[in-house]
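Have a look at start-v1.pdb below; it lists PDB, C-alpha atoms.
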ATOM      1  CA  MET A   1      15.793  67.446 -39.321
ATOM      2  CA  ASN A   2      12.429  69.221 -39.443
ATOM      3  CA  GLY A   3      13.990  72.552 -40.382
ATOM      4  CA  LYS A   4      16.019  72.798 -37.186
ATOM      5  CA  ARG A   5      19.393  74.501 -37.279
ATOM      6  CA  ARG A   6      22.453  72.260 -37.614
ATOM      7  CA  ILE A   7      24.961  72.792 -34.776
ATOM      8  CA  THR A   8      28.631  71.785 -34.710
ATOM      9  CA  PHE A   9      30.447  70.699 -31.526
ATOM     10  CA  THR A  10      33.395  68.463 -30.650
ATOM     11  CA  PHE A  11      33.584  65.044 -29.019
ATOM     12  CA  GLU A  12      37.045  63.943 -27.930
ATOM     13  CA  GLY A  13      38.505  66.496 -30.352
ATOM     14  CA  LYS A  14      36.453  65.258 -33.334
ATOM     15  CA  GLU A  15      33.938  67.596 -34.971
ATOM     16  CA  VAL A  16      30.370  66.291 -34.719
ATOM     17  CA  TYR A  17      27.038  67.878 -35.554
ATOM     18  CA  GLY A  18      23.616  67.837 -34.010
ATOM     19  CA  TYR A  19      20.384  69.748 -34.405
ATOM     20  CA  GLU A  20      19.026  72.570 -32.289
ATOM     21  CA  GLY A  21      17.241  71.225 -29.194
ATOM     22  CA  GLU A  22      18.434  67.638 -29.568
ATOM     23  CA  PRO A  23      20.316  65.837 -26.760
ATOM     24  CA  ILE A  24      24.079  65.343 -27.077
ATOM     25  CA  ALA A  25      23.668  61.543 -26.823
ATOM     26  CA  VAL A  26      21.348  61.483 -29.844
ATOM     27  CA  ALA A  27      23.783  63.502 -31.971
ATOM     28  CA  LEU A  28      26.634  61.200 -30.954
ATOM     29  CA  TRP A  29      24.537  58.099 -31.693
ATOM     30  CA  ARG A  30      23.793  59.422 -35.189
ATOM     31  CA  ALA A  31      27.543  59.949 -35.690
ATOM     32  CA  GLY A  32      28.154  56.282 -34.820
ATOM     33  CA  ILE A  33      29.591  57.045 -31.379
ATOM     34  CA  ARG A  34      28.219  54.592 -28.819
ATOM     35  CA  ASN A  35      30.941  54.568 -26.132
ATOM     36  CA  LEU A  36      30.389  57.671 -24.003
ATOM     37  CA  GLY A  37      32.594  56.670 -21.099
ATOM     38  CA  SER A  38      33.719  53.849 -18.861
ATOM     39  CA  SER A  39      32.999  52.458 -15.442
ATOM     40  CA  MET A  40      35.438  53.508 -12.753
ATOM     41  CA  LYS A  41      36.176  50.102 -11.234
ATOM     42  CA  LEU A  42      36.172  47.756 -14.233
ATOM     43  CA  SER A  43      36.718  50.266 -17.088
ATOM     44  CA  GLN A  44      33.754  48.796 -18.962
ATOM     45  CA  ALA A  45      32.282  50.848 -21.810
ATOM     46  CA  ARG A  46      29.167  52.882 -21.023
ATOM     47  CA  GLY A  47      26.712  54.538 -23.390
ATOM     48  CA  MET A  48      23.151  55.714 -23.791
ATOM     49  CA  TYR A  49      20.746  53.258 -22.175
ATOM     50  CA  CYS A  50      17.476  54.658 -20.846
ATOM     51  CA  GLY A  51      17.497  57.982 -22.713
ATOM     52  CA  ALA A  52      15.576  59.603 -19.851
ATOM     53  CA  GLY A  53      18.286  60.558 -17.342
ATOM     54  CA  TRP A  54      17.566  57.775 -14.854
ATOM     55  CA  CYS A  55      20.384  55.273 -15.383
ATOM     56  CA  GLN A  56      23.292  57.747 -15.691
ATOM     57  CA  SER A  57      25.130  55.462 -18.131
ATOM     58  CA  CYS A  58      25.575  58.376 -20.526
ATOM     59  CA  LEU A  59      27.511  60.731 -18.222
ATOM     60  CA  VAL A  60      30.044  62.892 -20.080
ATOM     61  CA  GLN A  61      32.074  66.051 -19.533
ATOM     62  CA  VAL A  62      30.800  69.200 -21.235
ATOM     63  CA  ASP A  63      33.142  72.194 -21.305
ATOM     64  CA  GLY A  64      34.902  70.816 -18.224
ATOM     65  CA  ARG A  65      31.661  70.141 -16.282
ATOM     66  CA  ARG A  66      31.671  66.522 -15.140
ATOM     67  CA  ASN A  67      28.751  64.110 -14.781
ATOM     68  CA  VAL A  68      26.497  65.712 -17.390
ATOM     69  CA  ARG A  69      23.644  63.462 -18.564
ATOM     70  CA  SER A  70      24.139  63.527 -22.318
ATOM     71  CA  CYS A  71      20.658  62.115 -22.938
ATOM     72  CA  LEU A  72      19.158  65.287 -21.418
ATOM     73  CA  GLU A  73      21.735  68.000 -22.224
ATOM     74  CA  PRO A  74      21.023  69.760 -25.534
ATOM     75  CA  VAL A  75      23.752  70.387 -28.089
ATOM     76  CA  ARG A  76      25.066  73.944 -28.220
ATOM     77  CA  PRO A  77      27.393  75.513 -30.769
ATOM     78  CA  GLY A  78      31.071  74.938 -30.005
ATOM     79  CA  ILE A  79      30.729  72.863 -26.836
ATOM     80  CA  GLN A  80      33.550  70.448 -26.089
ATOM     81  CA  VAL A  81      32.366  67.031 -24.968
ATOM     82  CA  LYS A  82      34.609  64.322 -23.531
ATOM     83  CA  ARG A  83      33.982  60.797 -22.333
ATOM     84  CA  GLY A  84      33.016  60.454 -18.692
ATOM     85  CA  VAL A  85      33.896  57.983 -15.954
ATOM     86  CA  GLN A  86      30.890  56.513 -14.159
ATOM     87  CA  HIS A  87      31.000  55.193 -10.634
ATOM     88  CA  ASP A  88      30.051  51.540 -10.363
ATOM     89  CA  PRO A  89      27.034  50.731  -8.175
ATOM     90  CA  ILE A  90      27.854  49.657  -4.640
TER      91      ILE A  90
END

Give the structure from the file, written as structure tokens.
Amino acid sequence: MNGKRRITFTFEGKEVYGYEGEPIAVALWRAGIRNLGSSMKLSQARGMYCGAGWCQSCLVQVDGRRNVRSCLEPVRPGIQVKRGVQHDPI
């Protein structure tokens, strides 16, 4: 990808790769991973939607930090990403 360095990280224990400077959600999308979490009340699947950090449908856990917007957070070598649980709107 334009000469950028390939970076390996894990999602739910599975090794995935991305490119330097690219958002986690984009790397996961390329790997065929669309379900990034579930809604708290109805357990409905959530994934990347707006890609700009507004909708918060792409919230994940990164190295134990909850509620990370995967569409904004860049991939880093060795990070551990897990699905998140989003709160349903009131």

For this structure, which residues satisfy the selection - the PyMOL selection byres ((chain A and resi 77) around 8) - when it is evaluated on the file as given? I want them as a PyMOL selection string. chain A and resi 7-9+75-76+78-79

Pull C-alpha atoms from the residues just selected and write them as a compact mmCIF listing (two decimals), in the coordinates of the input.
# COMPACT_ATOMS: atom_id res chain seq x y z
CA ILE A 7 24.96 72.79 -34.78
CA THR A 8 28.63 71.78 -34.71
CA PHE A 9 30.45 70.70 -31.53
CA VAL A 75 23.75 70.39 -28.09
CA ARG A 76 25.07 73.94 -28.22
CA GLY A 78 31.07 74.94 -30.00
CA ILE A 79 30.73 72.86 -26.84

Matched chain/residue IDs from the PyMOL selection byres ((chain A and resi 68-72) around 9), as number ranges by chain: A: 22-26, 36, 48-53, 56-62, 65-67, 73-75, 84

Considering all atoms listed in the file, can you say which of A:Ser43, A:Lys82, A:Gly3, A:Trp29 comes closest to Gly64 in chain A?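 With all atoms listed in the file as the atom set, the closest residue is A:Lys82.
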
Applying the PyMOL selection byres ((chain A and resi 5) around 6) to the file I just gave you, which residues come out? Please list them as an MDAnalysis selection string. chainID A and resid 4 6 19:20

Grab the CA of Ala31 in chain A to CA of Glu12 in chain A distance for me, in Å with one decimal place.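 These two atoms are separated by 12.9 Å.
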
Quick one: distance from CA of Glu15 in chain A to CA of Asn35 in chain A in Å, one decimal? 16.0 Å

Output, as JSON, the centre and edge lengths in Å (one decimal) of the axis-aligned box that contains all listed atoms of range 26-32 of chain A with 3 Å of margin on each side.
{"center_x": 24.8, "center_y": 59.9, "center_z": -32.8, "size_x": 12.8, "size_y": 13.2, "size_z": 11.8}

Have a look at A:Val16, A:Cys55, A:Leu28, A:Val85 and name the one nearest to Leu42 in chain A; count all atoms listed in the file. A:Val85

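The space between CA of Ser38 in chain A and CA of Phe11 in chain A spans 15.1 Å.
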
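Considering all atoms listed in the file, the residue among A:Ser39, A:Gly47, A:Ala27, A:Gly32 positioned nearest to Thr10 in chain A is A:Ala27.
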